[in-house]
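File shown: protein.pdb. Contents: PDB, C-alpha atoms and all ligand atoms.
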```
MODEL        1
ATOM      1  CA  MET S   1      -0.491   5.514 -25.256  1.00  0.00           C
ATOM      2  CA  ARG S   2      -2.169   4.615 -21.970  1.00  0.00           C
ATOM      3  CA  GLN S   3      -0.020   2.196 -20.011  1.00  0.00           C
ATOM      4  CA  PRO S   4      -2.108  -0.620 -18.544  1.00  0.00           C
ATOM      5  CA  ILE S   5      -2.347  -0.584 -14.748  1.00  0.00           C
ATOM      6  CA  ILE S   6      -3.297  -3.581 -12.657  1.00  0.00           C
ATOM      7  CA  ALA S   7      -3.790  -2.843  -8.961  1.00  0.00           C
ATOM      8  CA  GLY S   8      -4.536  -5.221  -6.124  1.00  0.00           C
ATOM      9  CA  ASN S   9      -6.959  -4.034  -3.468  1.00  0.00           C
ATOM     10  CA  TRP S  10      -6.241  -6.202  -0.455  1.00  0.00           C
ATOM     11  CA  LYS S  11      -9.166  -4.668   1.493  1.00  0.00           C
ATOM     12  CA  MET S  12      -9.099  -5.804   5.162  1.00  0.00           C
ATOM     13  CA  ASN S  13      -6.915  -8.843   4.513  1.00  0.00           C
ATOM     14  CA  ASN S  14      -3.363  -9.886   5.351  1.00  0.00           C
ATOM     15  CA  THR S  15      -1.341  -9.426   8.524  1.00  0.00           C
ATOM     16  CA  ILE S  16       2.307  -8.397   8.307  1.00  0.00           C
ATOM     17  CA  LYS S  17       3.240 -12.066   8.279  1.00  0.00           C
ATOM     18  CA  ASP S  18       0.842 -12.736   5.376  1.00  0.00           C
ATOM     19  CA  THR S  19       2.187  -9.669   3.579  1.00  0.00           C
ATOM     20  CA  LYS S  20       5.750 -10.986   3.765  1.00  0.00           C
ATOM     21  CA  ALA S  21       4.741 -14.367   2.384  1.00  0.00           C
ATOM     22  CA  LEU S  22       2.580 -12.940  -0.408  1.00  0.00           C
ATOM     23  CA  LEU S  23       5.095 -10.373  -1.617  1.00  0.00           C
ATOM     24  CA  THR S  24       8.009 -12.817  -1.441  1.00  0.00           C
ATOM     25  CA  ASP S  25       6.118 -14.955  -3.946  1.00  0.00           C
ATOM     26  CA  LEU S  26       4.736 -12.089  -6.016  1.00  0.00           C
ATOM     27  CA  ILE S  27       7.905 -10.037  -6.639  1.00  0.00           C
ATOM     28  CA  PRO S  28       9.656 -12.531  -8.963  1.00  0.00           C
ATOM     29  CA  LEU S  29       6.395 -13.504 -10.671  1.00  0.00           C
ATOM     30  CA  VAL S  30       5.670  -9.981 -11.941  1.00  0.00           C
ATOM     31  CA  ALA S  31       9.271  -8.837 -12.490  1.00  0.00           C
ATOM     32  CA  ASP S  32       8.849  -8.840 -16.273  1.00  0.00           C
ATOM     33  CA  SER S  33       5.314  -7.429 -16.449  1.00  0.00           C
ATOM     34  CA  LYS S  34       4.540  -4.789 -19.053  1.00  0.00           C
ATOM     35  CA  ALA S  35       1.579  -3.436 -17.121  1.00  0.00           C
ATOM     36  CA  GLU S  36       2.134  -1.138 -14.182  1.00  0.00           C
ATOM     37  CA  CYS S  37       1.632  -3.263 -11.079  1.00  0.00           C
ATOM     38  CA  VAL S  38       0.350  -1.791  -7.813  1.00  0.00           C
ATOM     39  CA  VAL S  39      -0.530  -3.302  -4.447  1.00  0.00           C
ATOM     40  CA  CYS S  40      -2.946  -1.300  -2.269  1.00  0.00           C
ATOM     41  CA  VAL S  41      -2.497  -2.645   1.234  1.00  0.00           C
ATOM     42  CA  PRO S  42      -3.930  -2.027   4.721  1.00  0.00           C
ATOM     43  CA  TYR S  43      -2.193   0.749   6.675  1.00  0.00           C
ATOM     44  CA  THR S  44      -0.453  -1.653   9.054  1.00  0.00           C
ATOM     45  CA  ASN S  45       1.284  -3.367   6.117  1.00  0.00           C
ATOM     46  CA  ILE S  46       2.426  -0.293   4.223  1.00  0.00           C
ATOM     47  CA  GLN S  47       5.848  -0.066   5.840  1.00  0.00           C
ATOM     48  CA  THR S  48       6.645  -3.765   5.397  1.00  0.00           C
ATOM     49  CA  ALA S  49       5.329  -3.818   1.833  1.00  0.00           C
ATOM     50  CA  GLY S  50       7.230  -0.628   0.988  1.00  0.00           C
ATOM     51  CA  GLU S  51      10.520  -2.055   2.217  1.00  0.00           C
ATOM     52  CA  MET S  52       9.981  -5.330   0.382  1.00  0.00           C
ATOM     53  CA  ILE S  53       9.091  -3.829  -3.002  1.00  0.00           C
ATOM     54  CA  LYS S  54      11.812  -1.180  -3.003  1.00  0.00           C
ATOM     55  CA  GLY S  55      13.821  -1.629  -6.214  1.00  0.00           C
ATOM     56  CA  THR S  56      11.169  -3.861  -7.807  1.00  0.00           C
ATOM     57  CA  ASN S  57       8.574  -2.895 -10.411  1.00  0.00           C
ATOM     58  CA  ILE S  58       5.708  -3.105  -7.917  1.00  0.00           C
ATOM     59  CA  LYS S  59       4.259   0.214  -6.780  1.00  0.00           C
ATOM     60  CA  LEU S  60       2.774   0.926  -3.372  1.00  0.00           C
ATOM     61  CA  GLY S  61      -0.814   1.994  -2.733  1.00  0.00           C
ATOM     62  CA  ALA S  62      -3.109   2.652   0.236  1.00  0.00           C
ATOM     63  CA  GLU S  63      -6.854   2.167   0.576  1.00  0.00           C
ATOM     64  CA  ASN S  64      -7.952   5.656   1.629  1.00  0.00           C
ATOM     65  CA  VAL S  65      -6.709   9.127   2.599  1.00  0.00           C
ATOM     66  CA  HIS S  66      -8.278  11.962   4.590  1.00  0.00           C
ATOM     67  CA  TRP S  67      -8.820  15.416   3.112  1.00  0.00           C
ATOM     68  CA  ALA S  68      -7.277  17.390   5.962  1.00  0.00           C
ATOM     69  CA  ASP S  69      -3.523  17.797   6.429  1.00  0.00           C
ATOM     70  CA  LYS S  70      -3.816  16.654  10.036  1.00  0.00           C
ATOM     71  CA  GLY S  71      -5.939  17.051  13.136  1.00  0.00           C
ATOM     72  CA  ALA S  72      -8.676  15.570  15.273  1.00  0.00           C
ATOM     73  CA  PHE S  73      -9.964  12.843  12.945  1.00  0.00           C
ATOM     74  CA  THR S  74      -9.741   9.649  14.960  1.00  0.00           C
ATOM     75  CA  GLY S  75      -9.118   6.590  12.853  1.00  0.00           C
ATOM     76  CA  GLU S  76      -8.258   8.461   9.659  1.00  0.00           C
ATOM     77  CA  ILE S  77      -4.923   8.681   7.802  1.00  0.00           C
ATOM     78  CA  SER S  78      -3.236  11.705   6.242  1.00  0.00           C
ATOM     79  CA  ALA S  79      -1.476  12.085   2.917  1.00  0.00           C
ATOM     80  CA  ASP S  80       1.815  12.979   4.646  1.00  0.00           C
ATOM     81  CA  MET S  81       1.655   9.770   6.691  1.00  0.00           C
ATOM     82  CA  LEU S  82       1.289   7.761   3.482  1.00  0.00           C
ATOM     83  CA  LEU S  83       3.908   9.713   1.545  1.00  0.00           C
ATOM     84  CA  GLU S  84       6.459   9.215   4.310  1.00  0.00           C
ATOM     85  CA  LEU S  85       6.166   5.453   3.728  1.00  0.00           C
ATOM     86  CA  GLY S  86       6.558   5.726  -0.044  1.00  0.00           C
ATOM     87  CA  VAL S  87       2.911   5.400  -1.039  1.00  0.00           C
ATOM     88  CA  GLU S  88       2.233   6.486  -4.622  1.00  0.00           C
ATOM     89  CA  TYR S  89      -1.396   5.457  -5.260  1.00  0.00           C
ATOM     90  CA  VAL S  90      -4.487   5.683  -3.084  1.00  0.00           C
ATOM     91  CA  ILE S  91      -7.911   4.132  -3.603  1.00  0.00           C
ATOM     92  CA  ILE S  92     -10.700   6.649  -3.005  1.00  0.00           C
ATOM     93  CA  GLY S  93     -14.456   6.121  -2.889  1.00  0.00           C
ATOM     94  CA  HIS S  94     -14.568   2.338  -3.067  1.00  0.00           C
ATOM     95  CA  SER S  95     -18.177   1.128  -3.042  1.00  0.00           C
ATOM     96  CA  GLU S  96     -17.533  -0.594   0.296  1.00  0.00           C
ATOM     97  CA  ARG S  97     -16.598   2.800   1.772  1.00  0.00           C
ATOM     98  CA  ARG S  98     -19.708   4.347   0.203  1.00  0.00           C
ATOM     99  CA  GLN S  99     -21.955   1.501   1.369  1.00  0.00           C
ATOM    100  CA  TYR S 100     -20.698   0.868   4.907  1.00  0.00           C
ATOM    101  CA  PHE S 101     -18.845   4.015   6.006  1.00  0.00           C
ATOM    102  CA  GLY S 102     -20.903   6.939   4.771  1.00  0.00           C
ATOM    103  CA  GLU S 103     -18.614   7.965   1.932  1.00  0.00           C
ATOM    104  CA  THR S 104     -20.378  10.374  -0.429  1.00  0.00           C
ATOM    105  CA  ASP S 105     -19.520  11.971  -3.767  1.00  0.00           C
ATOM    106  CA  GLU S 106     -18.606  15.110  -1.800  1.00  0.00           C
ATOM    107  CA  THR S 107     -16.174  13.386   0.567  1.00  0.00           C
ATOM    108  CA  VAL S 108     -14.721  11.447  -2.369  1.00  0.00           C
ATOM    109  CA  ASN S 109     -14.038  14.737  -4.123  1.00  0.00           C
ATOM    110  CA  LYS S 110     -12.385  16.240  -1.021  1.00  0.00           C
ATOM    111  CA  ARG S 111     -10.099  13.219  -0.711  1.00  0.00           C
ATOM    112  CA  VAL S 112      -9.238  13.325  -4.429  1.00  0.00           C
ATOM    113  CA  LEU S 113      -8.277  17.010  -4.270  1.00  0.00           C
ATOM    114  CA  GLN S 114      -6.124  16.431  -1.189  1.00  0.00           C
ATOM    115  CA  ALA S 115      -4.405  13.408  -2.745  1.00  0.00           C
ATOM    116  CA  LEU S 116      -3.513  15.393  -5.870  1.00  0.00           C
ATOM    117  CA  LYS S 117      -2.427  18.453  -3.896  1.00  0.00           C
ATOM    118  CA  LYS S 118      -0.037  16.258  -1.925  1.00  0.00           C
ATOM    119  CA  GLY S 119       1.267  14.291  -4.915  1.00  0.00           C
ATOM    120  CA  LEU S 120      -0.600  11.018  -4.393  1.00  0.00           C
ATOM    121  CA  LYS S 121      -2.282   9.418  -7.409  1.00  0.00           C
ATOM    122  CA  PRO S 122      -5.960   8.692  -6.727  1.00  0.00           C
ATOM    123  CA  ILE S 123      -7.657   5.535  -7.966  1.00  0.00           C
ATOM    124  CA  ILE S 124     -11.240   6.809  -7.901  1.00  0.00           C
ATOM    125  CA  CYS S 125     -13.929   4.142  -7.728  1.00  0.00           C
ATOM    126  CA  VAL S 126     -17.308   4.547  -9.366  1.00  0.00           C
ATOM    127  CA  GLY S 127     -19.985   1.955  -9.959  1.00  0.00           C
ATOM    128  CA  GLU S 128     -23.665   1.129  -9.913  1.00  0.00           C
ATOM    129  CA  SER S 129     -25.806  -1.376  -8.023  1.00  0.00           C
ATOM    130  CA  LEU S 130     -27.685  -4.178  -9.789  1.00  0.00           C
ATOM    131  CA  GLU S 131     -30.931  -2.254  -9.402  1.00  0.00           C
ATOM    132  CA  GLU S 132     -29.374   0.843 -10.963  1.00  0.00           C
ATOM    133  CA  ARG S 133     -28.024  -1.250 -13.831  1.00  0.00           C
ATOM    134  CA  GLU S 134     -31.330  -2.966 -14.507  1.00  0.00           C
ATOM    135  CA  SER S 135     -33.445   0.183 -14.268  1.00  0.00           C
ATOM    136  CA  GLY S 136     -31.127   1.914 -16.744  1.00  0.00           C
ATOM    137  CA  VAL S 137     -30.195   4.856 -14.473  1.00  0.00           C
ATOM    138  CA  TYR S 138     -26.579   3.652 -14.306  1.00  0.00           C
ATOM    139  CA  LYS S 139     -25.459   5.876 -17.147  1.00  0.00           C
ATOM    140  CA  THR S 140     -26.514   9.149 -15.522  1.00  0.00           C
ATOM    141  CA  LEU S 141     -25.380   7.861 -12.134  1.00  0.00           C
ATOM    142  CA  LEU S 142     -21.857   7.054 -13.377  1.00  0.00           C
ATOM    143  CA  GLU S 143     -21.630  10.381 -15.172  1.00  0.00           C
ATOM    144  CA  ALA S 144     -22.632  12.183 -11.981  1.00  0.00           C
ATOM    145  CA  GLN S 145     -20.211  10.179  -9.819  1.00  0.00           C
ATOM    146  CA  THR S 146     -17.416  10.977 -12.274  1.00  0.00           C
ATOM    147  CA  GLU S 147     -18.206  14.672 -12.516  1.00  0.00           C
ATOM    148  CA  LYS S 148     -18.528  15.123  -8.754  1.00  0.00           C
ATOM    149  CA  ALA S 149     -15.343  13.168  -7.980  1.00  0.00           C
ATOM    150  CA  LEU S 150     -13.356  15.289 -10.442  1.00  0.00           C
ATOM    151  CA  ALA S 151     -14.740  18.715  -9.442  1.00  0.00           C
ATOM    152  CA  GLY S 152     -11.792  21.085  -9.171  1.00  0.00           C
ATOM    153  CA  VAL S 153      -9.297  18.685 -10.776  1.00  0.00           C
ATOM    154  CA  THR S 154      -7.382  20.408 -13.589  1.00  0.00           C
ATOM    155  CA  SER S 155      -6.733  18.875 -17.001  1.00  0.00           C
ATOM    156  CA  ASP S 156      -3.004  18.884 -16.176  1.00  0.00           C
ATOM    157  CA  GLU S 157      -3.729  16.592 -13.243  1.00  0.00           C
ATOM    158  CA  LEU S 158      -5.709  14.036 -15.249  1.00  0.00           C
ATOM    159  CA  ASP S 159      -2.655  11.944 -16.080  1.00  0.00           C
ATOM    160  CA  LYS S 160      -2.245  11.302 -12.344  1.00  0.00           C
ATOM    161  CA  VAL S 161      -5.831  10.127 -12.004  1.00  0.00           C
ATOM    162  CA  VAL S 162      -7.043   6.568 -12.452  1.00  0.00           C
ATOM    163  CA  ILE S 163     -10.755   5.792 -12.443  1.00  0.00           C
ATOM    164  CA  ALA S 164     -11.875   2.296 -11.499  1.00  0.00           C
ATOM    165  CA  TYR S 165     -15.264   1.308 -12.845  1.00  0.00           C
ATOM    166  CA  GLU S 166     -16.539  -1.304 -10.412  1.00  0.00           C
ATOM    167  CA  PRO S 167     -20.123  -2.484 -10.843  1.00  0.00           C
ATOM    168  CA  ILE S 168     -21.202  -3.311  -7.282  1.00  0.00           C
ATOM    169  CA  TRP S 169     -23.036  -6.415  -8.468  1.00  0.00           C
ATOM    170  CA  ALA S 170     -19.758  -7.846  -9.761  1.00  0.00           C
ATOM    171  CA  ILE S 171     -17.659  -7.289  -6.630  1.00  0.00           C
ATOM    172  CA  GLY S 172     -16.808 -10.475  -4.780  1.00  0.00           C
ATOM    173  CA  THR S 173     -19.735 -12.251  -6.403  1.00  0.00           C
ATOM    174  CA  GLY S 174     -17.903 -14.198  -9.077  1.00  0.00           C
ATOM    175  CA  LYS S 175     -20.242 -12.459 -11.514  1.00  0.00           C
ATOM    176  CA  THR S 176     -18.248 -10.335 -13.969  1.00  0.00           C
ATOM    177  CA  ALA S 177     -19.574  -7.779 -16.366  1.00  0.00           C
ATOM    178  CA  THR S 178     -19.032  -9.134 -19.863  1.00  0.00           C
ATOM    179  CA  ALA S 179     -16.032  -7.613 -21.569  1.00  0.00           C
ATOM    180  CA  GLN S 180     -18.375  -5.771 -23.913  1.00  0.00           C
ATOM    181  CA  GLU S 181     -20.507  -4.420 -21.041  1.00  0.00           C
ATOM    182  CA  ALA S 182     -17.423  -3.260 -19.146  1.00  0.00           C
ATOM    183  CA  ASN S 183     -15.969  -1.668 -22.270  1.00  0.00           C
ATOM    184  CA  ASP S 184     -19.171   0.157 -23.182  1.00  0.00           C
ATOM    185  CA  THR S 185     -19.688   1.419 -19.656  1.00  0.00           C
ATOM    186  CA  ILE S 186     -16.120   2.656 -19.413  1.00  0.00           C
ATOM    187  CA  ALA S 187     -16.694   4.468 -22.717  1.00  0.00           C
ATOM    188  CA  ILE S 188     -19.590   6.326 -21.054  1.00  0.00           C
ATOM    189  CA  ILE S 189     -17.223   7.486 -18.303  1.00  0.00           C
ATOM    190  CA  ARG S 190     -14.505   8.460 -20.787  1.00  0.00           C
ATOM    191  CA  ASN S 191     -16.984  10.411 -22.891  1.00  0.00           C
ATOM    192  CA  LYS S 192     -18.098  12.297 -19.804  1.00  0.00           C
ATOM    193  CA  VAL S 193     -14.481  13.207 -19.048  1.00  0.00           C
ATOM    194  CA  ALA S 194     -14.043  14.305 -22.672  1.00  0.00           C
ATOM    195  CA  GLU S 195     -17.057  16.577 -22.252  1.00  0.00           C
ATOM    196  CA  LEU S 196     -15.769  17.967 -18.925  1.00  0.00           C
ATOM    197  CA  TYR S 197     -12.180  18.492 -20.128  1.00  0.00           C
ATOM    198  CA  CYS S 198     -11.267  17.708 -23.711  1.00  0.00           C
ATOM    199  CA  LYS S 199     -11.307  14.723 -26.019  1.00  0.00           C
ATOM    200  CA  ASN S 200      -7.544  14.500 -26.080  1.00  0.00           C
ATOM    201  CA  CYS S 201      -7.351  14.582 -22.247  1.00  0.00           C
ATOM    202  CA  ALA S 202      -9.847  11.756 -21.933  1.00  0.00           C
ATOM    203  CA  GLN S 203      -8.207   9.690 -24.682  1.00  0.00           C
ATOM    204  CA  ASN S 204      -4.562  10.142 -23.832  1.00  0.00           C
ATOM    205  CA  LYS S 205      -4.249  11.020 -20.178  1.00  0.00           C
ATOM    206  CA  LEU S 206      -6.952   9.254 -18.230  1.00  0.00           C
ATOM    207  CA  ARG S 207      -6.674   5.562 -17.427  1.00  0.00           C
ATOM    208  CA  ILE S 208      -9.858   3.685 -16.544  1.00  0.00           C
ATOM    209  CA  GLN S 209      -9.768   0.256 -14.910  1.00  0.00           C
ATOM    210  CA  TYR S 210     -12.427  -2.381 -14.628  1.00  0.00           C
ATOM    211  CA  GLY S 211     -12.967  -4.039 -11.230  1.00  0.00           C
ATOM    212  CA  GLY S 212     -15.281  -6.837 -10.098  1.00  0.00           C
ATOM    213  CA  SER S 213     -14.394 -10.524 -10.025  1.00  0.00           C
ATOM    214  CA  MET S 214     -11.504 -10.037 -12.442  1.00  0.00           C
ATOM    215  CA  ASN S 215      -9.299 -13.107 -12.345  1.00  0.00           C
ATOM    216  CA  PRO S 216      -6.705 -15.083 -14.337  1.00  0.00           C
ATOM    217  CA  LYS S 217      -9.461 -16.600 -16.491  1.00  0.00           C
ATOM    218  CA  ASN S 218     -11.199 -13.443 -17.660  1.00  0.00           C
ATOM    219  CA  ALA S 219      -8.355 -10.883 -17.500  1.00  0.00           C
ATOM    220  CA  SER S 220      -7.100 -11.253 -21.064  1.00  0.00           C
ATOM    221  CA  GLU S 221     -10.567 -10.879 -22.575  1.00  0.00           C
ATOM    222  CA  LEU S 222     -11.280  -7.778 -20.500  1.00  0.00           C
ATOM    223  CA  MET S 223      -7.851  -6.270 -21.185  1.00  0.00           C
ATOM    224  CA  ALA S 224      -8.254  -6.816 -24.937  1.00  0.00           C
ATOM    225  CA  MET S 225     -11.079  -4.263 -24.994  1.00  0.00           C
ATOM    226  CA  PRO S 226      -9.993  -0.842 -26.269  1.00  0.00           C
ATOM    227  CA  GLU S 227     -11.487   1.208 -23.420  1.00  0.00           C
ATOM    228  CA  ILE S 228     -10.224  -0.952 -20.543  1.00  0.00           C
ATOM    229  CA  ASP S 229      -6.826   0.216 -19.295  1.00  0.00           C
ATOM    230  CA  GLY S 230      -6.429  -2.074 -16.339  1.00  0.00           C
ATOM    231  CA  GLY S 231      -8.014  -3.791 -13.412  1.00  0.00           C
ATOM    232  CA  LEU S 232      -8.662  -3.259  -9.722  1.00  0.00           C
ATOM    233  CA  ILE S 233      -8.458  -6.716  -8.264  1.00  0.00           C
ATOM    234  CA  GLY S 234      -9.888  -7.857  -4.929  1.00  0.00           C
ATOM    235  CA  GLY S 235     -10.020 -11.580  -4.200  1.00  0.00           C
ATOM    236  CA  ALA S 236      -7.562 -12.616  -6.901  1.00  0.00           C
ATOM    237  CA  SER S 237      -4.940 -10.179  -5.567  1.00  0.00           C
ATOM    238  CA  LEU S 238      -4.621 -12.207  -2.367  1.00  0.00           C
ATOM    239  CA  LYS S 239      -2.885 -15.103  -4.103  1.00  0.00           C
ATOM    240  CA  ALA S 240       0.489 -14.348  -5.687  1.00  0.00           C
ATOM    241  CA  GLU S 241       0.043 -16.735  -8.571  1.00  0.00           C
ATOM    242  CA  ASP S 242      -3.463 -15.552  -9.464  1.00  0.00           C
ATOM    243  CA  PHE S 243      -2.543 -11.885  -9.191  1.00  0.00           C
ATOM    244  CA  SER S 244       0.594 -12.334 -11.289  1.00  0.00           C
ATOM    245  CA  LYS S 245      -1.465 -14.001 -14.002  1.00  0.00           C
ATOM    246  CA  VAL S 246      -3.820 -11.042 -14.074  1.00  0.00           C
ATOM    247  CA  VAL S 247      -0.884  -8.603 -14.139  1.00  0.00           C
ATOM    248  CA  LYS S 248       0.557 -10.497 -17.113  1.00  0.00           C
ATOM    249  CA  TYR S 249      -2.895 -11.191 -18.628  1.00  0.00           C
TER     250      TYR S 249
HETATM  251  P1  LIG S 301     -13.232  -8.691  -6.347  1.00  0.00           P
HETATM  252  O1  LIG S 301     -12.109  -8.785  -7.365  1.00  0.00           O
HETATM  253  O2  LIG S 301     -13.005  -9.546  -5.158  1.00  0.00           O
HETATM  254  O3  LIG S 301     -14.567  -8.865  -6.980  1.00  0.00           O
HETATM  255  O4  LIG S 301     -13.186  -7.193  -5.773  1.00  0.00           O
HETATM  256  C1  LIG S 301     -13.160  -6.147  -6.663  1.00  0.00           C
HETATM  257  C2  LIG S 301     -12.901  -4.909  -5.896  1.00  0.00           C
HETATM  258  O5  LIG S 301     -13.733  -4.453  -5.130  1.00  0.00           O
HETATM  259  C3  LIG S 301     -11.602  -4.267  -6.066  1.00  0.00           C
HETATM  260  O6  LIG S 301     -11.588  -3.007  -5.487  1.00  0.00           O
ENDMDL
END
```
Show the structure stored in the file as structure tokens.
Amino acid sequence: MRQPIIAGNWKMNNTIKDTKALLTDLIPLVADSKAECVVCVPYTNIQTAGEMIKGTNIKLGAENVHWADKGAFTGEISADMLLELGVEYVIIGHSERRQYFGETDETVNKRVLQALKKGLKPIICVGESLEERESGVYKTLLEAQTEKALAGVTSDELDKVVIAYEPIWAIGTGKTATAQEANDTIAIIRNKVAELYCKNCAQNKLRIQYGGSMNPKNASELMAMPEIDGGLIGGASLKAEDFSKVVKY
């Protein structure tokens, strides 16, 4: 029922030249993928990437969006600017934004509501630190992050929402959550959404990805778990061959 979705988060990597080389290799490699395949690229590469993937099965994503339509917000990007370039998905609330750039549950929620209002599909990131995992507070923390991010989102909009569960301790560390851990934690998030909306909405509409050192070696085990609907891929999305192997897990 829930189509798998594998998205690359390029973060602050790749110039236009790198983008051309990477996508030239990637496009044929994922042409027959069954999973939905998305590349979330830096703003400066959106136009190039959009032109290159036109007519292919790769979808275009950005790495953030501001909550206002336009105005005096130096350094930010608006939904209309992204839509004009064919962007369909947008990552919101990545832990790196929360950790280094003052992103809060409240600003995440404002961005999510704006994305949906404008017709962009948010990939909302939630996740706990190692300390929060080990002390056991991660469950309530993830439930709170989920509830706050989705405040004001209607059940009709849930099929446009993707949640990415990314344990901070697994990002860029080579340390992955075990498939069972990832599955069980995603179930906590899905149960919260069932409680906030309805069981059917959480089961049939909402896709939840795992993210954190997902790579060609562990992708199939993670994707075999019933709760895991996809992956948000950092490091392994920067190499066409690795990313294509994850997409075709
Ligand atoms: P890595 O795959 O490099 O661990 O990054 C995960 C991530 O943060 C994706 O958003």
- Query: Of the candidates S:Thr146, S:Thr15, S:Gln47, S:Asn64, which one gets nearest to Pro122 of chain S if we count all atoms listed in the file?
  - Reply: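 Nearest to Pro122 of chain S: S:Asn64.
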- Item | At most 9 Å from ligand LIG 301 (chain S) (all atoms listed in the file): residue list as a ChimeraX atom specification | /S:7-11,91,94-96,125,164,166-176,210-215,231-237
- Task: Can you turn the PyMOL selection byres (((chain S and resi 46) around 10) and not hetatm) into a concrete residue list for this file, as a ChimeraX atom specification?
- Result: /S:16,19,39-45,47-52,60-62,82,85-87
Selection near Glu221 of chain S, 7 Å with all atoms listed in the file, sequence-local residues under 3 positions removed, as a PDB file with C-alpha atoms, keeping the file's coordinate frame:
```
ATOM      1  CA  ALA S 179     -16.032  -7.613 -21.569  1.00  0.00           C
ATOM      2  CA  ASN S 218     -11.199 -13.443 -17.660  1.00  0.00           C
ATOM      3  CA  ALA S 224      -8.254  -6.816 -24.937  1.00  0.00           C
TER       4      ALA S 224
END
```
- Item | Straight-line distance linking atom CA of Trp67 of chain S with atom CA of Ala79 of chain S, stated in Å to one decimal |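 Straight-line distance from atom CA of Trp67 of chain S to atom CA of Ala79 of chain S works out to 8.1 Å.
The smallest atom-to-atom distance between Ala202 of chain S and any of S:Ile163, S:Ile124, S:Leu238, S:Leu130, using all atoms listed in the file, is found for S:Ile163.
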- Item | Protein and nucleic acid residues near (-24.5, 4.8, -19.2) (cut-off 6 Å, only C-alpha atoms) as a list in words |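 Every polymer residue passing the test: Tyr138, Lys139, Thr185 and Ile188 of chain S.
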- Message: With the PyMOL selection byres (((chain S and resi 149) around 7) and not hetatm) as the selection, what would be picked from this file? Answer as a list in words, please.
- Response: Asp105, Val108, Asn109, Gln145, Thr146, Glu147, Lys148, Leu150 and Ala151 of chain S
- Proximity to Ala35 of chain S - best of S:Leu141, S:Val247, S:Leu116, S:Ile77, all atoms listed in the file: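 Smallest distance to Ala35 of chain S is found for S:Val247.
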- Message: Which residue is closest to Leu206 of chain S? Choose from S:Lys160, S:Lys118, S:Lys54, S:Lys192 and count all atoms listed in the file.
- Response: S:Lys160
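With all atoms listed in the file as the atoms that count, the minimum distance from Val193 of chain S to the choices S:Ala219, S:Ala144, S:Ala240, S:Val65 is reached by S:Ala144.
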- Message: I'd like the contact shell of Lys205 of chain S - 8 Å cut-off, only C-alpha atoms, skipping same-chain residues fewer than 6 positions apart - returned as a PyMOL selection string.
- Response: chain S and resi 2+158-159
- Quick one: distance from atom CA of Leu23 of chain S to atom CA of Glu63 of chain S in Å, one decimal?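 Between these atoms lies a distance of 17.5 Å.
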- Message: From the options S:His66, S:Glu36, S:Ala177, S:Asp242, which residue's atoms come nearest to Arg133 of chain S, counting all atoms listed in the file?
- Response: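 Smallest distance to Arg133 of chain S is found for S:Ala177.
The coordinates place atom CA of Asn57 of chain S at 22.2 Å from atom CA of Ala115 of chain S.
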Let me have the centre and edge lengths of the axis-aligned box enclosing all listed atoms of segment 183-201 of chain S with 3 Å padding on every side, in Å to one decimal, as lines of an AutoDock Vina configuration file.
```
center_x = -13.5
center_y = 8.4
center_z = -22.2
size_x = 18.3
size_y = 26.2
size_z = 13.8
```
- Query: For the file shown, what are the residues hit by the PyMOL selection byres (((chain S and resi 244) around 10) and not hetatm), laid out as a PyMOL selection string?
  - Reply: chain S and resi 6+25-31+33+37+215-216+236-237+239-243+245-249
Restrict the selected residues to C-alpha atoms and save them as a short mmCIF file (atom, residue, chain, number, x, y, z; two decimals), keeping the file's coordinate frame.
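Result saved to part25.cif:
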```cif
data_model
loop_
_atom_site.label_atom_id
_atom_site.label_comp_id
_atom_site.auth_asym_id
_atom_site.auth_seq_id
_atom_site.Cartn_x
_atom_site.Cartn_y
_atom_site.Cartn_z
CA ILE S 6 -3.30 -3.58 -12.66
CA ASP S 25 6.12 -14.96 -3.95
CA LEU S 26 4.74 -12.09 -6.02
CA ILE S 27 7.90 -10.04 -6.64
CA PRO S 28 9.66 -12.53 -8.96
CA LEU S 29 6.40 -13.50 -10.67
CA VAL S 30 5.67 -9.98 -11.94
CA ALA S 31 9.27 -8.84 -12.49
CA SER S 33 5.31 -7.43 -16.45
CA CYS S 37 1.63 -3.26 -11.08
CA ASN S 215 -9.30 -13.11 -12.34
CA PRO S 216 -6.70 -15.08 -14.34
CA ALA S 236 -7.56 -12.62 -6.90
CA SER S 237 -4.94 -10.18 -5.57
CA LYS S 239 -2.88 -15.10 -4.10
CA ALA S 240 0.49 -14.35 -5.69
CA GLU S 241 0.04 -16.74 -8.57
CA ASP S 242 -3.46 -15.55 -9.46
CA PHE S 243 -2.54 -11.88 -9.19
CA LYS S 245 -1.46 -14.00 -14.00
CA VAL S 246 -3.82 -11.04 -14.07
CA VAL S 247 -0.88 -8.60 -14.14
CA LYS S 248 0.56 -10.50 -17.11
CA TYR S 249 -2.90 -11.19 -18.63
#
```
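For Ile208 of chain S, the list of residues within 8 Å, based on only C-alpha atoms and with local chain neighbours fewer than 3 positions off taken out, reads Val162, Ile163, Ala164, Tyr165, Ile186, Arg190, Glu227, Ile228, Asp229 and Gly230 of chain S.
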